[in-house]
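The next block is final.pdb, given as PDB, C-alpha atoms (C1' of nucleotides).
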```
MODEL        1
ATOM      1  CA  MET A   1      19.769 -14.012   2.561
ATOM      2  CA  ARG A   2      22.055 -13.604   5.543
ATOM      3  CA  VAL A   3      19.662 -13.589   8.448
ATOM      4  CA  SER A   4      21.949 -12.545  11.246
ATOM      5  CA  GLU A   5      23.375  -9.584   9.396
ATOM      6  CA  GLN A   6      20.048  -8.153   8.408
ATOM      7  CA  SER A   7      18.464  -8.664  11.772
ATOM      8  CA  GLU A   8      21.184  -6.899  13.654
ATOM      9  CA  ASP A   9      21.108  -4.077  11.184
ATOM     10  CA  VAL A  10      17.428  -3.411  11.685
ATOM     11  CA  PHE A  11      17.728  -3.837  15.395
ATOM     12  CA  ALA A  12      20.612  -1.422  15.606
ATOM     13  CA  ARG A  13      18.332   1.394  14.516
ATOM     14  CA  LEU A  14      16.205   1.047  17.626
ATOM     15  CA  PRO A  15      16.523   3.872  20.134
ATOM     16  CA  ALA A  16      18.344   2.841  23.260
ATOM     17  CA  GLY A  17      15.601   3.071  25.856
ATOM     18  CA  SER A  18      12.803   1.508  23.845
ATOM     19  CA  PHE A  19      12.316  -1.278  26.325
ATOM     20  CA  ASP A  20      12.566   0.906  29.375
ATOM     21  CA  LYS A  21       9.549   0.913  31.600
ATOM     22  CA  ASP A  22       9.094   4.663  31.421
ATOM     23  CA  CYS A  23      10.473   5.492  28.028
ATOM     24  CA  PRO A  24       8.848   8.806  27.020
ATOM     25  CA  THR A  25       7.849   7.443  23.617
ATOM     26  CA  ARG A  26       5.379   4.984  25.110
ATOM     27  CA  PRO A  27       2.473   7.391  25.643
ATOM     28  CA  LEU A  28       3.111   8.857  22.207
ATOM     29  CA  MET A  29       3.060   5.458  20.583
ATOM     30  CA  ALA A  30      -0.134   4.675  22.415
ATOM     31  CA  GLN A  31      -1.795   7.755  20.972
ATOM     32  CA  VAL A  32      -0.623   7.297  17.432
ATOM     33  CA  THR A  33      -0.909   3.551  17.217
ATOM     34  CA  GLY A  34      -4.191   3.572  19.062
ATOM     35  CA  ARG A  35      -7.212   2.245  17.335
ATOM     36  CA  TRP A  36      -7.747   5.242  15.056
ATOM     37  CA  GLY A  37      -4.460   7.116  14.939
ATOM     38  CA  ALA A  38      -2.942   5.469  11.902
ATOM     39  CA  LEU A  39      -6.178   5.620   9.947
ATOM     40  CA  ILE A  40      -6.709   9.308  10.629
ATOM     41  CA  ILE A  41      -3.179  10.175   9.619
ATOM     42  CA  ALA A  42      -3.429   8.041   6.507
ATOM     43  CA  ALA A  43      -6.674   9.762   5.569
ATOM     44  CA  LEU A  44      -4.915  13.127   5.742
ATOM     45  CA  VAL A  45      -2.070  12.167   3.420
ATOM     46  CA  PRO A  46      -3.718  13.174   0.127
ATOM     47  CA  GLY A  47      -4.367  16.678   1.421
ATOM     48  CA  PRO A  48      -6.394  18.784   3.855
ATOM     49  CA  VAL A  49      -9.723  17.290   4.861
ATOM     50  CA  ARG A  50     -12.660  18.659   6.789
ATOM     51  CA  PHE A  51     -13.999  17.137   9.972
ATOM     52  CA  SER A  52     -17.047  15.730   8.283
ATOM     53  CA  GLY A  53     -14.902  14.408   5.462
ATOM     54  CA  LEU A  54     -12.818  12.404   7.867
ATOM     55  CA  HIS A  55     -15.898  11.223   9.647
ATOM     56  CA  ARG A  56     -17.336   9.960   6.399
ATOM     57  CA  GLN A  57     -14.156   8.417   5.096
ATOM     58  CA  ILE A  58     -13.128   6.476   8.179
ATOM     59  CA  GLY A  59     -15.723   3.803   8.642
ATOM     60  CA  GLY A  60     -17.003   3.150  12.126
ATOM     61  CA  ILE A  61     -15.395   6.050  13.951
ATOM     62  CA  SER A  62     -17.562   8.176  16.226
ATOM     63  CA  GLN A  63     -17.462  11.957  16.385
ATOM     64  CA  LYS A  64     -16.129  11.722  19.869
ATOM     65  CA  MET A  65     -13.179   9.535  18.968
ATOM     66  CA  LEU A  66     -12.372  11.546  15.859
ATOM     67  CA  SER A  67     -12.402  14.775  17.815
ATOM     68  CA  GLN A  68     -10.348  13.295  20.611
ATOM     69  CA  TYR A  69      -7.654  11.833  18.386
ATOM     70  CA  LEU A  70      -7.447  14.976  16.280
ATOM     71  CA  LYS A  71      -6.961  17.080  19.356
ATOM     72  CA  SER A  72      -4.140  14.861  20.474
ATOM     73  CA  LEU A  73      -2.494  14.876  17.045
ATOM     74  CA  VAL A  74      -2.676  18.649  16.945
ATOM     75  CA  ARG A  75      -1.158  18.784  20.391
ATOM     76  CA  TYR A  76       1.905  16.832  19.301
ATOM     77  CA  GLY A  77       2.407  18.941  16.229
ATOM     78  CA  LEU A  78       1.487  16.239  13.754
ATOM     79  CA  VAL A  79      -1.672  17.890  12.440
ATOM     80  CA  GLU A  80      -2.735  21.487  11.901
ATOM     81  CA  ARG A  81      -6.237  22.779  12.515
ATOM     82  CA  LEU A  82      -7.396  25.551  10.205
ATOM     83  CA  VAL A  83     -10.615  27.462  10.846
ATOM     84  CA  GLU A  84     -12.209  29.454   8.056
ATOM     85  CA  PRO A  85     -14.565  32.070   9.466
ATOM     86  CA  THR A  86     -17.434  31.374   7.144
ATOM     87  CA  VAL A  87     -21.025  30.731   8.088
ATOM     88  CA  PRO A  88     -21.332  27.969   9.000
ATOM     89  CA  PRO A  89     -17.708  27.622  10.081
ATOM     90  CA  GLN A  90     -15.461  25.282   8.147
ATOM     91  CA  VAL A  91     -12.573  23.498   9.827
ATOM     92  CA  THR A  92      -9.949  21.651   7.865
ATOM     93  CA  TYR A  93      -7.162  19.444   9.137
ATOM     94  CA  ARG A  94      -3.806  19.080   7.486
ATOM     95  CA  LEU A  95      -0.611  17.149   8.184
ATOM     96  CA  THR A  96       2.388  19.155   9.300
ATOM     97  CA  PRO A  97       5.800  18.249   7.853
ATOM     98  CA  LEU A  98       6.426  16.233  11.001
ATOM     99  CA  GLY A  99       3.106  14.509  10.553
ATOM    100  CA  ARG A 100       3.864  13.739   6.941
ATOM    101  CA  SER A 101       7.123  12.135   7.879
ATOM    102  CA  LEU A 102       5.292   9.935  10.348
ATOM    103  CA  ALA A 103       2.635   9.208   7.757
ATOM    104  CA  GLU A 104       5.223   7.557   5.555
ATOM    105  CA  GLN A 105       5.998   5.059   8.278
ATOM    106  CA  LEU A 106       2.359   4.414   9.037
ATOM    107  CA  CYS A 107       1.339   4.024   5.425
ATOM    108  CA  ALA A 108       4.149   1.538   4.987
ATOM    109  CA  LEU A 109       2.774  -0.370   7.946
ATOM    110  CA  LEU A 110      -0.786  -0.291   6.657
ATOM    111  CA  GLY A 111       0.544  -1.355   3.292
ATOM    112  CA  TRP A 112       2.344  -4.287   4.861
ATOM    113  CA  PHE A 113      -0.836  -5.494   6.492
ATOM    114  CA  GLY A 114      -2.744  -5.138   3.292
ATOM    115  CA  ALA A 115      -0.110  -7.024   1.333
ATOM    116  CA  ASN A 116       0.087  -9.846   3.852
ATOM    117  CA  THR A 117      -3.524 -10.252   4.905
ATOM    118  CA  ALA A 118      -3.908 -13.479   2.998
ATOM    119  CA  GLU A 119      -0.848 -15.061   4.525
ATOM    120  CA  LEU A 120      -1.805 -13.971   8.022
ATOM    121  CA  GLU A 121      -5.301 -15.319   7.639
ATOM    122  CA  ALA A 122      -3.988 -18.601   6.262
ATOM    123  CA  ALA A 123      -1.675 -18.973   9.244
ATOM    124  CA  ARG A 124      -4.513 -18.284  11.622
ATOM    125  CA  GLN A 125      -6.778 -20.862  10.043
ATOM    126  CA  ARG A 126      -4.013 -23.441   9.975
ATOM    127  CA  HIS A 127      -3.321 -22.797  13.628
ATOM    128  CA  ASP A 128      -6.957 -22.838  14.690
ATOM    129  CA  ALA A 129      -7.565 -26.051  12.795
ATOM    130  CA  THR A 130      -4.636 -28.141  13.992
ATOM    131  CA  ASP A 131      -4.691 -26.997  17.558
ATOM    132  CA  SER A 132      -6.936 -25.451  20.131
ATOM    133  CA  PRO A 133     -10.309 -24.076  19.063
ATOM    134  CA  SER A 134      -9.420 -20.985  21.077
ATOM    135  CA  ARG A 135     -11.460 -17.956  20.181
TER     136      ARG A 135
ATOM    137  CA  MET B   1      11.753  17.284  -1.912
ATOM    138  CA  ARG B   2       8.581  17.360  -3.996
ATOM    139  CA  VAL B   3       5.810  17.194  -1.448
ATOM    140  CA  SER B   4       2.775  16.558  -3.566
ATOM    141  CA  GLU B   5       4.385  13.843  -5.628
ATOM    142  CA  GLN B   6       5.713  12.030  -2.640
ATOM    143  CA  SER B   7       2.488  12.220  -0.701
ATOM    144  CA  GLU B   8       0.426  10.748  -3.462
ATOM    145  CA  ASP B   9       3.014   8.083  -3.985
ATOM    146  CA  VAL B  10       2.902   6.970  -0.386
ATOM    147  CA  PHE B  11      -0.838   7.105  -0.314
ATOM    148  CA  ALA B  12      -1.122   5.056  -3.461
ATOM    149  CA  ARG B  13       0.435   2.105  -1.677
ATOM    150  CA  LEU B  14      -2.416   1.925   0.785
ATOM    151  CA  PRO B  15      -4.642  -1.107   0.366
ATOM    152  CA  ALA B  16      -8.056  -0.309  -0.974
ATOM    153  CA  GLY B  17     -10.275  -1.163   1.966
ATOM    154  CA  SER B  18      -8.148   0.333   4.707
ATOM    155  CA  PHE B  19     -10.883   2.704   5.743
ATOM    156  CA  ASP B  20     -13.644   0.187   5.531
ATOM    157  CA  LYS B  21     -15.526  -0.416   8.714
ATOM    158  CA  ASP B  22     -14.864  -4.139   8.702
ATOM    159  CA  CYS B  23     -11.581  -4.377   6.928
ATOM    160  CA  PRO B  24     -10.035  -7.688   8.020
ATOM    161  CA  THR B  25      -6.739  -6.015   8.854
ATOM    162  CA  ARG B  26      -8.236  -4.049  11.720
ATOM    163  CA  PRO B  27      -8.149  -6.777  14.348
ATOM    164  CA  LEU B  28      -4.639  -7.681  13.230
ATOM    165  CA  MET B  29      -3.496  -4.114  13.503
ATOM    166  CA  ALA B  30      -5.022  -3.925  16.930
ATOM    167  CA  GLN B  31      -3.009  -6.899  18.088
ATOM    168  CA  VAL B  32       0.272  -5.857  16.605
ATOM    169  CA  THR B  33       0.044  -2.170  17.325
ATOM    170  CA  GLY B  34      -1.433  -2.812  20.726
ATOM    171  CA  ARG B  35       0.452  -1.673  23.752
ATOM    172  CA  TRP B  36       3.034  -4.459  23.692
ATOM    173  CA  GLY B  37       3.020  -5.934  20.184
ATOM    174  CA  ALA B  38       5.710  -3.784  18.637
ATOM    175  CA  LEU B  39       7.976  -4.073  21.647
ATOM    176  CA  ILE B  40       7.735  -7.854  21.772
ATOM    177  CA  ILE B  41       8.474  -8.198  18.087
ATOM    178  CA  ALA B  42      11.345  -5.768  18.341
ATOM    179  CA  ALA B  43      12.766  -7.726  21.243
ATOM    180  CA  LEU B  44      12.771 -10.866  19.108
ATOM    181  CA  VAL B  45      14.690  -9.340  16.223
ATOM    182  CA  PRO B  46      18.209 -10.140  17.442
ATOM    183  CA  GLY B  47      17.347 -13.818  17.774
ATOM    184  CA  PRO B  48      15.370 -16.407  19.736
ATOM    185  CA  VAL B  49      14.549 -15.428  23.281
ATOM    186  CA  ARG B  50      13.090 -17.321  26.182
ATOM    187  CA  PHE B  51       9.915 -16.309  27.947
ATOM    188  CA  SER B  52      11.751 -15.121  31.018
ATOM    189  CA  GLY B  53      14.178 -13.221  28.824
ATOM    190  CA  LEU B  54      11.385 -11.279  27.199
ATOM    191  CA  HIS B  55       9.807 -10.666  30.559
ATOM    192  CA  ARG B  56      13.050  -9.225  31.872
ATOM    193  CA  GLN B  57      13.867  -7.191  28.778
ATOM    194  CA  ILE B  58      10.520  -5.509  28.278
ATOM    195  CA  GLY B  59      10.052  -3.237  31.218
ATOM    196  CA  GLY B  60       6.643  -3.118  32.841
ATOM    197  CA  ILE B  61       4.949  -5.997  31.055
ATOM    198  CA  SER B  62       3.123  -8.594  33.102
ATOM    199  CA  GLN B  63       3.337 -12.322  32.534
ATOM    200  CA  LYS B  64      -0.265 -12.339  31.553
ATOM    201  CA  MET B  65       0.123  -9.758  28.815
ATOM    202  CA  LEU B  66       3.327 -11.299  27.522
ATOM    203  CA  SER B  67       1.719 -14.699  27.320
ATOM    204  CA  GLN B  68      -1.402 -13.303  25.702
ATOM    205  CA  TYR B  69       0.407 -11.320  23.032
ATOM    206  CA  LEU B  70       2.783 -14.154  22.258
ATOM    207  CA  LYS B  71      -0.097 -16.537  21.779
ATOM    208  CA  SER B  72      -1.697 -14.162  19.355
ATOM    209  CA  LEU B  73       1.520 -13.596  17.438
ATOM    210  CA  VAL B  74       2.045 -17.335  17.145
ATOM    211  CA  ARG B  75      -1.495 -17.705  15.923
ATOM    212  CA  TYR B  76      -0.922 -15.310  13.031
ATOM    213  CA  GLY B  77       2.307 -16.988  12.038
ATOM    214  CA  LEU B  78       4.543 -14.131  13.066
ATOM    215  CA  VAL B  79       6.318 -15.968  15.856
ATOM    216  CA  GLU B  80       7.326 -19.574  16.438
ATOM    217  CA  ARG B  81       7.213 -21.310  19.789
ATOM    218  CA  LEU B  82       9.868 -23.924  20.423
ATOM    219  CA  VAL B  83       9.732 -26.214  23.428
ATOM    220  CA  GLU B  84      12.833 -28.064  24.526
ATOM    221  CA  PRO B  85      11.942 -31.064  26.664
ATOM    222  CA  THR B  86      14.431 -30.421  29.397
ATOM    223  CA  VAL B  87      13.781 -30.286  33.108
ATOM    224  CA  PRO B  88      12.611 -27.727  33.811
ATOM    225  CA  PRO B  89      11.146 -27.088  30.345
ATOM    226  CA  GLN B  90      12.618 -24.294  28.270
ATOM    227  CA  VAL B  91      10.519 -22.404  25.768
ATOM    228  CA  THR B  92      12.043 -20.087  23.222
ATOM    229  CA  TYR B  93      10.303 -17.734  20.828
ATOM    230  CA  ARG B  94      11.574 -16.808  17.427
ATOM    231  CA  LEU B  95      10.355 -14.651  14.562
ATOM    232  CA  THR B  96       9.169 -16.403  11.442
ATOM    233  CA  PRO B  97      10.173 -14.962   8.067
ATOM    234  CA  LEU B  98       6.793 -13.242   7.963
ATOM    235  CA  GLY B  99       7.385 -11.872  11.428
ATOM    236  CA  ARG B 100      10.814 -10.604  10.467
ATOM    237  CA  SER B 101       9.388  -8.752   7.527
ATOM    238  CA  LEU B 102       6.881  -7.082   9.821
ATOM    239  CA  ALA B 103       9.623  -6.364  12.315
ATOM    240  CA  GLU B 104      11.369  -4.165   9.792
ATOM    241  CA  GLN B 105       8.321  -1.938   9.564
ATOM    242  CA  LEU B 106       7.853  -1.829  13.300
ATOM    243  CA  CYS B 107      11.480  -1.105  14.057
ATOM    244  CA  ALA B 108      11.338   1.723  11.570
ATOM    245  CA  LEU B 109       8.329   3.076  13.418
ATOM    246  CA  LEU B 110       9.973   2.746  16.827
ATOM    247  CA  GLY B 111      13.024   4.383  15.356
ATOM    248  CA  TRP B 112      10.946   7.280  14.077
ATOM    249  CA  PHE B 113       9.509   7.915  17.504
ATOM    250  CA  GLY B 114      12.918   7.743  19.075
ATOM    251  CA  ALA B 115      14.366  10.143  16.550
ATOM    252  CA  ASN B 116      11.519  12.649  16.903
ATOM    253  CA  THR B 117      10.766  12.502  20.592
ATOM    254  CA  ALA B 118      12.330  15.888  21.228
ATOM    255  CA  GLU B 119      10.340  17.597  18.503
ATOM    256  CA  LEU B 120       7.083  16.002  19.602
ATOM    257  CA  GLU B 121       7.666  16.997  23.201
ATOM    258  CA  ALA B 122       8.530  20.533  22.175
ATOM    259  CA  ALA B 123       5.324  20.811  20.176
ATOM    260  CA  ARG B 124       3.310  19.551  23.089
ATOM    261  CA  GLN B 125       4.816  22.031  25.510
ATOM    262  CA  ARG B 126       4.344  24.879  23.063
ATOM    263  CA  HIS B 127       0.727  23.878  22.609
ATOM    264  CA  ASP B 128       0.016  23.413  26.283
ATOM    265  CA  ALA B 129       1.595  26.750  27.126
ATOM    266  CA  THR B 130      -0.105  28.968  24.555
ATOM    267  CA  ASP B 131      -3.495  27.401  24.790
ATOM    268  CA  SER B 132      -5.636  25.324  27.073
ATOM    269  CA  PRO B 133      -4.054  23.671  30.082
ATOM    270  CA  SER B 134      -5.873  20.504  29.017
ATOM    271  CA  ARG B 135      -4.223  17.463  30.490
TER     272      ARG B 135
ATOM    273  C1'  DC C   1      10.641 -22.238  34.611
ATOM    274  C1'  DC C   2       6.492 -21.324  31.985
ATOM    275  C1'  DG C   3       2.708 -20.329  32.057
ATOM    276  C1'  DT C   4      -2.953 -20.212  33.416
ATOM    277  C1'  DA C   5      -6.969 -18.570  36.391
ATOM    278  C1'  DT C   6      -9.232 -15.263  38.859
ATOM    279  C1'  DC C   7     -10.434 -10.995  40.403
ATOM    280  C1'  DC C   8     -10.411  -6.139  39.923
ATOM    281  C1'  DA C   9      -9.247  -1.318  38.411
ATOM    282  C1'  DA C  10      -8.673   1.834  34.633
ATOM    283  C1'  DC C  11      -9.510   3.340  30.373
ATOM    284  C1'  DA C  12     -11.097   3.304  25.633
ATOM    285  C1'  DA C  13     -14.887   3.658  23.069
ATOM    286  C1'  DG C  14     -19.994   3.797  21.514
ATOM    287  C1'  DA C  15     -24.683   6.007  21.783
ATOM    288  C1'  DT C  16     -27.153   9.773  22.414
ATOM    289  C1'  DA C  17     -28.311  14.364  23.127
ATOM    290  C1'  DC C  18     -27.177  18.963  22.963
ATOM    291  C1'  DT C  19     -24.550  23.784  21.822
ATOM    292  C1'  DG C  20     -22.272  27.766  19.026
TER     293       DG C  20
ATOM    294  C1'  DC D   1     -21.045  22.209  10.369
ATOM    295  C1'  DA D   2     -18.142  21.082  14.047
ATOM    296  C1'  DG D   3     -17.910  19.803  17.789
ATOM    297  C1'  DT D   4     -18.911  19.004  23.493
ATOM    298  C1'  DA D   5     -21.290  16.584  27.504
ATOM    299  C1'  DT D   6     -22.877  12.729  29.696
ATOM    300  C1'  DC D   7     -23.749   8.146  30.445
ATOM    301  C1'  DT D   8     -22.831   3.340  29.853
ATOM    302  C1'  DT D   9     -20.442  -0.540  28.212
ATOM    303  C1'  DG D  10     -16.546  -3.493  26.698
ATOM    304  C1'  DT D  11     -11.977  -4.320  26.644
ATOM    305  C1'  DT D  12      -7.297  -3.943  28.350
ATOM    306  C1'  DG D  13      -4.209  -4.592  31.624
ATOM    307  C1'  DG D  14      -2.194  -5.333  36.409
ATOM    308  C1'  DA D  15      -1.795  -8.156  40.907
ATOM    309  C1'  DT D  16      -1.907 -12.195  42.859
ATOM    310  C1'  DA D  17      -2.107 -16.905  43.401
ATOM    311  C1'  DC D  18      -1.798 -21.305  41.685
ATOM    312  C1'  DG D  19      -0.533 -25.550  38.446
ATOM    313  C1'  DG D  20       2.442 -28.553  35.037
TER     314       DG D  20
ENDMDL
END
```
Final structure tokens representation of the file:
Amino acid sequence: MRVSEQSEDVFARLPAGSFDKDCPTRPLMAQVTGRWGALIIAALVPGPVRFSGLHRQIGGISQKMLSQYLKSLVRYGLVERLVEPTVPPQVTYRLTPLGRSLAEQLCALLGWFGANTAELEAARQRHDATDSPSR
Amino acid sequence: MRVSEQSEDVFARLPAGSFDKDCPTRPLMAQVTGRWGALIIAALVPGPVRFSGLHRQIGGISQKMLSQYLKSLVRYGLVERLVEPTVPPQVTYRLTPLGRSLAEQLCALLGWFGANTAELEAARQRHDATDSPSR
DNA sequence: CCGTATCCAACAAGATACTG
DNA sequence: CAGTATCTTGTTGGATACGG
């Protein structure tokens, strides 16, 4: 495995201003990679889901946070909000094409964490044992 | 492009407990997808960098945050810390193989945001114009 | 040069209660 | 059912100053 080649290749794909102090992608990243963004988007991948469905599926999220993140995702065109005028009203959320394209990246990331949890945990324990009892 | 097939395929790769309230990957995700995690890792892709180099390259980060994130990344075995006993001491940081494998995912994500900034901004403006002047 | 310590401001997030 | 409003707390992050 040629390290230098591969590294430069991956790095080359980075947008130019990524490290700039006021790169416009920073607030976006913050929203999407915030505590719940990736999970909400991942939960929408299989298909449209109702508010209560999301609330049930995503463990530990509050109504407030769910509502807040959804609003933001709708605002950036990643999610669509569909109201059916029944009684009581039903609201479903669905990924837009743009959102689905992002979802692929995020699911890959979630998948990576899932696949490497053991190794990460092992490293942590090794580190905590040999060195400082920090945290 | 077959949408339904692809969506299910991507979703299938998600680890089982991703939505669980106390999935062990959550704190990890928080660290890596925190405000600076992705940027630091991306900055390390081309090769080892010194502390001051990172501080210069990543616009807007404070010493405190850089130090804090680096410590955490070292702890999880994503980054190595190498001290050269010169005077004054030089410390360089380098991605581990595990860290490099994560870096690929993160660079892809950063790349996605870079590539779609225009579309996201357009959606936001469209939304803000037609509807509520919220934020 | 490479950090750590301290203090402080800002924001994210939870709990709870309430509305259409 | 699908949220909003309000209040409170915890965490994140920046500024500054200092130490090895």
- For the file shown, what are the residues hit by the PyMOL selection byres ((chain C) within 10 of (chain A)), laid out as a list in words?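 Answer for the PyMOL selection byres ((chain C) within 10 of (chain A)): DA12, DA13, DG14 and DA15 of chain C.
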Next, the residues of the selection above should be written as a PDB file, in the frame of the given file with C-alpha atoms (C1' of nucleotides).
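Heads up, here's the output in again_37.pdb:
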```pdb
ATOM      1  C1'  DA C  12     -11.097   3.304  25.633  1.00  0.00           C
ATOM      2  C1'  DA C  13     -14.887   3.658  23.069  1.00  0.00           C
ATOM      3  C1'  DG C  14     -19.994   3.797  21.514  1.00  0.00           C
ATOM      4  C1'  DA C  15     -24.683   6.007  21.783  1.00  0.00           C
TER       5       DA C  15
END
```
- Query: Quick one: which residues from chain D are at most 8 Å off chain A, using all atoms listed in the file, as JSON, numbers by chain?
  - Reply: {"D": [1, 2, 3]}
- Return as a PyMOL selection string the set of residues that the PyMOL selection byres ((chain A) within 7 of (chain B)) yields on the displayed structure. chain A and resi 7-8+10-11+13-15+19-21+25+30+33+35+39+45-46+57-60+75-77+104-105+107+109-111+113-114+117+120-121+123-124+127
Expected file contents, prior selection, C-alpha atoms, as a compact mmCIF listing (two decimals), in the frame of the given file:
```txt
# COMPACT_ATOMS: atom_id res chain seq x y z
CA SER A 7 18.46 -8.66 11.77
CA GLU A 8 21.18 -6.90 13.65
CA VAL A 10 17.43 -3.41 11.68
CA PHE A 11 17.73 -3.84 15.40
CA ARG A 13 18.33 1.39 14.52
CA LEU A 14 16.20 1.05 17.63
CA PRO A 15 16.52 3.87 20.13
CA PHE A 19 12.32 -1.28 26.32
CA ASP A 20 12.57 0.91 29.38
CA LYS A 21 9.55 0.91 31.60
CA THR A 25 7.85 7.44 23.62
CA ALA A 30 -0.13 4.68 22.42
CA THR A 33 -0.91 3.55 17.22
CA ARG A 35 -7.21 2.24 17.34
CA LEU A 39 -6.18 5.62 9.95
CA VAL A 45 -2.07 12.17 3.42
CA PRO A 46 -3.72 13.17 0.13
CA GLN A 57 -14.16 8.42 5.10
CA ILE A 58 -13.13 6.48 8.18
CA GLY A 59 -15.72 3.80 8.64
CA GLY A 60 -17.00 3.15 12.13
CA ARG A 75 -1.16 18.78 20.39
CA TYR A 76 1.90 16.83 19.30
CA GLY A 77 2.41 18.94 16.23
CA GLU A 104 5.22 7.56 5.56
CA GLN A 105 6.00 5.06 8.28
CA CYS A 107 1.34 4.02 5.42
CA LEU A 109 2.77 -0.37 7.95
CA LEU A 110 -0.79 -0.29 6.66
CA GLY A 111 0.54 -1.36 3.29
CA PHE A 113 -0.84 -5.49 6.49
CA GLY A 114 -2.74 -5.14 3.29
CA THR A 117 -3.52 -10.25 4.90
CA LEU A 120 -1.80 -13.97 8.02
CA GLU A 121 -5.30 -15.32 7.64
CA ALA A 123 -1.68 -18.97 9.24
CA ARG A 124 -4.51 -18.28 11.62
CA HIS A 127 -3.32 -22.80 13.63
```
- Which polymer residues have any atom within 12 Å of an atom of DC7 in chain C, counting only C-alpha atoms (C1' of nucleotides), with same-chain residues fewer than 6 positions away left out, as a list in words?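 Residues near the query, excluding close chain neighbours: DG14, DA15, DT16 and DA17 of chain D.
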- Counting only C-alpha atoms, the option among B:Thr86, B:Gly53, B:Gly37, B:Gly99 closest to Leu70 in chain B: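 Of B:Thr86, B:Gly53, B:Gly37, B:Gly99, the one nearest Leu70 in chain B, counting only C-alpha atoms, is B:Gly37.
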- Task: Just give me the gap between CA of Thr92 in chain A and CA of Leu54 in chain A in Å, one decimal is fine.
- Result: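 So the answer is 9.7 Å.
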- Message: As a check of understanding, name the residues that the PyMOL selection byres ((chain B and resi 80) around 8) selects in the supplied structure, as a list in words.
- Response: Val74, Gly77, Leu78, Val79, Arg81, Leu82, Tyr93, Arg94, Leu95 and Thr96 of chain B
- Which distance in Å separates CA of Leu66 in chain A and C1' of DT11 in chain D, to one decimal?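 We find that CA of Leu66 in chain A and C1' of DT11 in chain D lie 19.2 Å from each other.
We find C1' of DT16 in chain C and C1' of DT4 in chain D to be spaced 12.4 Å apart.
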